[in-house]
Amino acid sequence: MPEKVVIIGSGPAGWSAAIYAARANLNPLVFEGTVNPDGVHMIPLGQLAYTTEVENYPGFPVGDVFSFVRSAVDSSREWNFPDAPEGHTKNDKPHYAVQGTELMELMRQQALNFDTRAIEDDIVDIDISSKPYKVIRRNGETVETHAIIIATGARANYLGLDSEEEYKNKGVSACAVCDGGLPFFGGKELAVVGGGDSAVEEASYLANLKNCPQVHMIVRRDEMRASPILRDRAINNPKIEIHWNSVVDEVLGDGKEVTGLRLKSTVDDSTSELSVGGMFVAIGHTPNTAFLNGKIDVNDKGYINWTKSFRTDTSVEGIFAAGDVADDYYRQAITSAGTGCMAALDVERWLTDKGVA
Ligand SMILES: Cc1cc2nc3c(=O)[nH]c(=O)nc-3n(C[C@H](O)[C@H](O)[C@H](O)COP(=O)(O)OP(=O)(O)OC[C@H]3O[C@@H](n4cnc5c(N)ncnc54)[C@H](O)[C@@H]3O)c2cc1C
């Protein structure tokens, strides 16, 4: 018997879709992905698994989240949780924001509590030449399904420096809107790397934060790729200083946190040091759509095109997309969860129309 719906991807979009699909009796099968099979930086539980505090997901104010999470999630998954925050033990009442992995484990658990099945494997191809469709697993097995929700997300591009890797979550981030307001960055001068629209958006966001004294934009050339209106916004903002013709040569730190950047001139290779407490890399994202092998329409940046206004339909009927894989604009956990819900409702209605559900 073919599956009613296969969900590919295990971030906020995938699990939200699973929760809704399971509660609609669709018995969804989720492929969670695997760890770095191609050397590409992807892991199950989505991008939030790369971060620490998540302060902007509604329903999770700072509080005794620690105990709640451990009471809600199956104890076999505790290996995935961070230790109690410094100064706290598991037995007292810690006061801290939900951690990325905790939030994702809660979503996963919520989906499994209904009727979701999860398999830790990648989907490496889809066959849409006939119905039911087929999804092909990395292990070579094929699963037949009437409908598919693609929720494979996107991954932030990084510079590729060892020192950048060392200071991730200690001052290096790829999302100013997500992390810029964290207490960790409060009162510190911050750097944004990149010269495109999203780099300016990120720099402007940080500059607007009351407790951010100064933002430094590191721009490779003597001009920006950003649209003129955004470029002028950055240039005219007194809290943004632009370092033209510069690249980051090294992230500097004391082992615990970022203390500065070594910049290299793209004109004469000379180096200089910039004292900052954080670096936000804004050099684009790569949507995880390569495995589709061109069978679903994508835009010029590789993101899946939604083909109907305010619906999650793709160019192929019965295949829906949710989350960052189809959204190169908002890219937040809450928006991904929202479109995950939409995709499940769209699948349910489509299957009903086809007489399957
Ligand atoms: C460092 C960092 C901090 C962030 N902080 C915040 C924050 O505080 N608040 C906020 O709202 N947002 C934050 N974001 C953004 C947020 O994480 C994303 O917007 C959100 O996770 C997107 O959800 P998604 O479900 O669309 O995809 P993703 O979270 O990207 O998940 C997709 C999943 O699908 C899997 N997958 C990919 N390809 C396949 C395949 N072929 N087969 C099977 N599985 C596959 C991937 O391994 C991954 O686990 C942050 C992002 C980063 C990088």
# chains A, B, ... in the order shown; residues from 1 in each chain; ligands from 1

$ select_by_dssp --residues "segment 167-323 of chain A" --states "strand (DSSP E or B)" --output "number ranges by chain"
A: 168, 172-173, 190-193, 215-218, 240-243, 246-253, 258-265, 271-274, 278-281, 285-287, 298, 304, 313, 319-321

$ write_last_selection --atoms "N, CA and C atoms" --output "short mmCIF file (atom, residue, chain, number, x, y, z; two decimals), in the first residue's frame"
data_model
loop_
_atom_site.label_atom_id
_atom_site.label_comp_id
_atom_site.auth_asym_id
_atom_site.auth_seq_id
_atom_site.Cartn_x
_atom_site.Cartn_y
_atom_site.Cartn_z
N LYS A 168 31.37 29.31 16.48
CA LYS A 168 29.92 29.25 16.29
C LYS A 168 29.27 29.10 17.66
N VAL A 172 29.85 33.76 16.70
CA VAL A 172 29.66 33.65 15.24
C VAL A 172 28.25 33.11 14.99
N SER A 173 27.52 33.80 14.13
CA SER A 173 26.16 33.38 13.81
C SER A 173 25.88 33.67 12.35
N LEU A 190 29.50 44.86 16.69
CA LEU A 190 29.26 43.63 15.95
C LEU A 190 29.61 43.81 14.48
N ALA A 191 29.98 42.72 13.84
CA ALA A 191 30.32 42.78 12.41
C ALA A 191 29.33 41.96 11.60
N VAL A 192 29.02 42.46 10.41
CA VAL A 192 28.20 41.70 9.45
C VAL A 192 29.06 41.51 8.20
N VAL A 193 29.18 40.27 7.76
CA VAL A 193 30.01 39.98 6.58
C VAL A 193 29.10 39.80 5.37
N VAL A 215 27.89 48.85 14.34
CA VAL A 215 27.91 47.70 13.44
C VAL A 215 28.96 47.96 12.36
N HIS A 216 29.76 46.95 12.07
CA HIS A 216 30.77 47.05 11.02
C HIS A 216 30.37 46.11 9.89
N MET A 217 30.25 46.64 8.68
CA MET A 217 29.98 45.76 7.54
C MET A 217 31.28 45.48 6.81
N ILE A 218 31.55 44.20 6.57
CA ILE A 218 32.77 43.81 5.88
C ILE A 218 32.38 43.48 4.43
N ILE A 240 26.43 52.35 11.30
CA ILE A 240 27.05 51.32 10.45
C ILE A 240 28.31 51.87 9.80
N GLU A 241 29.42 51.22 10.09
CA GLU A 241 30.68 51.60 9.43
C GLU A 241 31.00 50.52 8.39
N ILE A 242 31.30 50.95 7.17
CA ILE A 242 31.56 49.96 6.11
C ILE A 242 33.06 49.84 5.86
N HIS A 243 33.53 48.62 5.88
CA HIS A 243 34.95 48.34 5.60
C HIS A 243 35.01 47.77 4.18
N SER A 246 37.41 44.43 1.82
CA SER A 246 37.94 43.67 2.97
C SER A 246 37.27 42.30 3.06
N VAL A 247 38.06 41.33 3.48
CA VAL A 247 37.51 40.01 3.79
C VAL A 247 37.98 39.59 5.18
N VAL A 248 37.27 38.65 5.76
CA VAL A 248 37.69 38.15 7.08
C VAL A 248 38.74 37.07 6.87
N ASP A 249 39.91 37.30 7.46
CA ASP A 249 41.02 36.36 7.32
C ASP A 249 41.01 35.38 8.49
N GLU A 250 40.55 35.84 9.64
CA GLU A 250 40.54 35.00 10.84
C GLU A 250 39.55 35.58 11.84
N VAL A 251 38.85 34.67 12.54
CA VAL A 251 38.03 35.11 13.67
C VAL A 251 38.91 35.01 14.90
N LEU A 252 39.02 36.09 15.66
CA LEU A 252 39.89 36.10 16.83
C LEU A 252 39.06 35.92 18.09
N GLY A 253 39.62 35.24 19.07
CA GLY A 253 38.88 35.02 20.31
C GLY A 253 39.80 34.58 21.42
N VAL A 258 34.21 35.43 20.82
CA VAL A 258 34.87 36.25 19.79
C VAL A 258 35.31 37.57 20.41
N THR A 259 36.54 37.96 20.10
CA THR A 259 37.03 39.27 20.57
C THR A 259 37.33 40.20 19.40
N GLY A 260 37.42 39.66 18.20
CA GLY A 260 37.72 40.52 17.06
C GLY A 260 37.85 39.74 15.77
N LEU A 261 38.20 40.47 14.71
CA LEU A 261 38.41 39.84 13.40
C LEU A 261 39.72 40.35 12.83
N ARG A 262 40.43 39.46 12.16
CA ARG A 262 41.55 39.94 11.36
C ARG A 262 41.04 40.11 9.93
N LEU A 263 41.13 41.34 9.45
CA LEU A 263 40.65 41.64 8.10
C LEU A 263 41.82 41.68 7.15
N LYS A 264 41.54 41.28 5.91
CA LYS A 264 42.58 41.33 4.89
C LYS A 264 42.06 42.19 3.74
N SER A 265 42.91 43.07 3.27
CA SER A 265 42.53 43.93 2.15
C SER A 265 42.54 43.12 0.86
N THR A 271 46.82 43.37 6.33
CA THR A 271 45.86 42.92 7.34
C THR A 271 45.71 43.97 8.44
N SER A 272 44.56 43.92 9.10
CA SER A 272 44.31 44.82 10.23
C SER A 272 43.37 44.09 11.18
N GLU A 273 43.33 44.55 12.43
CA GLU A 273 42.44 43.90 13.39
C GLU A 273 41.28 44.82 13.74
N LEU A 274 40.12 44.21 13.86
CA LEU A 274 38.91 44.96 14.19
C LEU A 274 38.37 44.35 15.49
N GLY A 278 31.12 40.00 18.00
CA GLY A 278 30.29 39.04 17.27
C GLY A 278 30.44 39.22 15.78
N MET A 279 30.28 38.13 15.06
CA MET A 279 30.34 38.19 13.59
C MET A 279 29.10 37.48 13.02
N PHE A 280 28.36 38.22 12.22
CA PHE A 280 27.17 37.65 11.56
C PHE A 280 27.48 37.47 10.09
N VAL A 281 27.47 36.23 9.64
CA VAL A 281 27.81 35.94 8.24
C VAL A 281 26.52 36.04 7.42
N HIS A 285 22.22 31.76 1.46
CA HIS A 285 21.80 30.43 1.91
C HIS A 285 21.72 29.51 0.68
N THR A 286 21.84 28.22 0.95
CA THR A 286 21.67 27.23 -0.13
C THR A 286 20.46 26.37 0.20
N PRO A 287 19.39 26.45 -0.59
CA PRO A 287 18.23 25.59 -0.32
C PRO A 287 18.56 24.14 -0.64
N VAL A 298 12.02 25.50 -9.49
CA VAL A 298 12.67 26.32 -8.45
C VAL A 298 12.97 27.69 -9.06
N ILE A 304 12.23 26.35 -4.00
CA ILE A 304 11.03 25.84 -4.68
C ILE A 304 10.01 26.96 -4.88
N ASP A 313 1.25 24.57 -2.84
CA ASP A 313 1.39 23.74 -4.06
C ASP A 313 2.71 24.05 -4.77
N ILE A 319 2.40 17.39 -4.77
CA ILE A 319 3.68 17.65 -4.08
C ILE A 319 3.65 19.09 -3.57
N PHE A 320 3.87 19.22 -2.27
CA PHE A 320 3.75 20.52 -1.60
C PHE A 320 5.09 20.84 -0.94
N ALA A 321 5.33 22.13 -0.71
CA ALA A 321 6.60 22.52 -0.10
C ALA A 321 6.33 23.44 1.08
#

$ residues_near_ligand --ligand "ligand 1" --cutoff "6 Å" --atoms "only C-alpha atoms and all ligand atoms" --output "ChimeraX atom specification"
/A:8-14,31-33,42-48,50-51,54-57,122-124,151-154,156,173-175,178-179,288,291,323-325,331-334,336

$ residues_around --residues "segment 344-351 of chain A" --least-positions-apart "4" --cutoff "9 Å" --atoms "only C-alpha atoms" --output "VMD selection string"
chain A and resid 4 to 5 16 to 21 24 26 146 to 149 311 to 313 317 to 320 339 to 340 355 to 357

$ write_last_selection --atoms "N, CA and C atoms" --output "tab-separated table (two decimals), in the first residue's frame"
chain	number	residue	atom	x	y	z
A	4	LYS	N	0.08	7.59	2.42
A	4	LYS	CA	-0.76	8.74	2.03
A	4	LYS	C	0.12	9.97	1.82
A	5	VAL	N	1.03	10.18	2.77
A	5	VAL	CA	1.92	11.34	2.61
A	5	VAL	C	3.29	11.04	3.21
A	16	SER	N	5.84	20.29	12.01
A	16	SER	CA	4.51	20.91	12.08
A	16	SER	C	3.58	20.25	11.07
A	17	ALA	N	4.11	19.99	9.87
A	17	ALA	CA	3.31	19.29	8.86
A	17	ALA	C	2.90	17.93	9.40
A	18	ALA	N	3.83	17.25	10.07
A	18	ALA	CA	3.54	15.90	10.59
A	18	ALA	C	2.46	15.95	11.67
A	19	ILE	N	2.54	16.94	12.54
A	19	ILE	CA	1.53	17.05	13.62
A	19	ILE	C	0.14	17.20	13.00
A	20	TYR	N	0.03	18.09	12.03
A	20	TYR	CA	-1.28	18.32	11.40
A	20	TYR	C	-1.72	17.11	10.58
A	21	ALA	N	-0.80	16.50	9.85
A	21	ALA	CA	-1.16	15.35	9.01
A	21	ALA	C	-1.57	14.17	9.89
A	24	ALA	N	-4.92	14.47	11.24
A	24	ALA	CA	-5.95	14.30	10.20
A	24	ALA	C	-5.99	12.83	9.74
A	26	LEU	N	-3.65	10.88	8.63
A	26	LEU	CA	-2.92	10.55	7.40
A	26	LEU	C	-1.71	9.67	7.68
A	146	HIS	N	1.18	8.74	-2.16
A	146	HIS	CA	0.26	9.56	-2.97
A	146	HIS	C	0.70	11.03	-2.98
A	147	ALA	N	1.11	11.52	-1.82
A	147	ALA	CA	1.47	12.94	-1.72
A	147	ALA	C	2.82	13.09	-1.04
A	148	ILE	N	3.47	14.21	-1.30
A	148	ILE	CA	4.79	14.48	-0.70
A	148	ILE	C	4.79	15.92	-0.18
A	149	ILE	N	5.36	16.09	1.01
A	149	ILE	CA	5.64	17.45	1.49
A	149	ILE	C	7.17	17.59	1.56
A	311	ARG	N	-0.88	29.34	-0.98
A	311	ARG	CA	-0.99	27.88	-0.89
A	311	ARG	C	0.42	27.31	-1.00
A	312	THR	N	0.58	26.03	-0.66
A	312	THR	CA	1.92	25.44	-0.67
A	312	THR	C	2.12	24.50	-1.87
A	313	ASP	N	1.25	24.57	-2.84
A	313	ASP	CA	1.39	23.74	-4.06
A	313	ASP	C	2.71	24.05	-4.77
A	317	GLU	N	1.44	18.37	-9.18
A	317	GLU	CA	0.26	18.18	-8.31
A	317	GLU	C	0.51	17.07	-7.29
A	318	GLY	N	0.05	17.31	-6.08
A	318	GLY	CA	0.24	16.33	-5.02
A	318	GLY	C	1.57	16.46	-4.31
A	319	ILE	N	2.40	17.39	-4.77
A	319	ILE	CA	3.68	17.65	-4.08
A	319	ILE	C	3.65	19.09	-3.57
A	320	PHE	N	3.87	19.22	-2.27
A	320	PHE	CA	3.75	20.52	-1.60
A	320	PHE	C	5.09	20.84	-0.94
A	339	THR	N	4.03	27.40	7.48
A	339	THR	CA	3.80	26.83	6.14
A	339	THR	C	3.77	25.30	6.21
A	340	GLY	N	4.41	24.72	7.24
A	340	GLY	CA	4.29	23.26	7.44
A	340	GLY	C	2.84	22.89	7.73
A	355	GLY	N	-9.97	11.22	-3.48
A	355	GLY	CA	-10.62	10.03	-2.92
A	355	GLY	C	-9.67	9.12	-2.17
A	356	VAL	N	-8.50	9.63	-1.77
A	356	VAL	CA	-7.53	8.78	-1.06
A	356	VAL	C	-7.71	8.89	0.46
A	357	ALA	N	-7.96	10.07	0.98
A	357	ALA	CA	-8.05	10.24	2.45
A	357	ALA	C	-9.47	9.97	2.93

$ select_by_dssp --residues "segment 232-342 of chain A" --states "alpha helix (DSSP H)" --output "number ranges by chain"
A: 232-235, 333-342

$ residues_around --residues "Ser227 of chain A" --least-positions-apart "3" --cutoff "12 Å" --atoms "only C-alpha atoms" --output "list in words"
Gly195, Gly196, Asp197, Ser198, Ala199, Val200, Glu201, Glu223, Met224, Leu230, Arg231, Asp232, Arg233 and Ala234 of chain A

$ closest_residue --among "A:Gln99, A:Asn157, A:Ser275, A:Ser315" --to "Val65 of chain A" --atoms "only C-alpha atoms"
A:Gln99

$ residues_around --residues "Trp244 of chain A" --least-positions-apart "3" --cutoff "7 Å" --atoms "only C-alpha atoms" --output "list in words"
Ile218, Val219, Arg220, Arg221 and Asp222 of chain A

$ atom_distance --atom1 "atom CA of Leu103 of chain A" --atom2 "atom CA of Asn80 of chain A"
11.2 Å

$ atom_distance --atom1 "atom CA of Leu182 of chain A" --atom2 "atom CA of Tyr330 of chain A"
19.1 Å

$ atom_distance --atom1 "atom CA of Asp328 of chain A" --atom2 "atom CA of Tyr205 of chain A"
17.4 Å
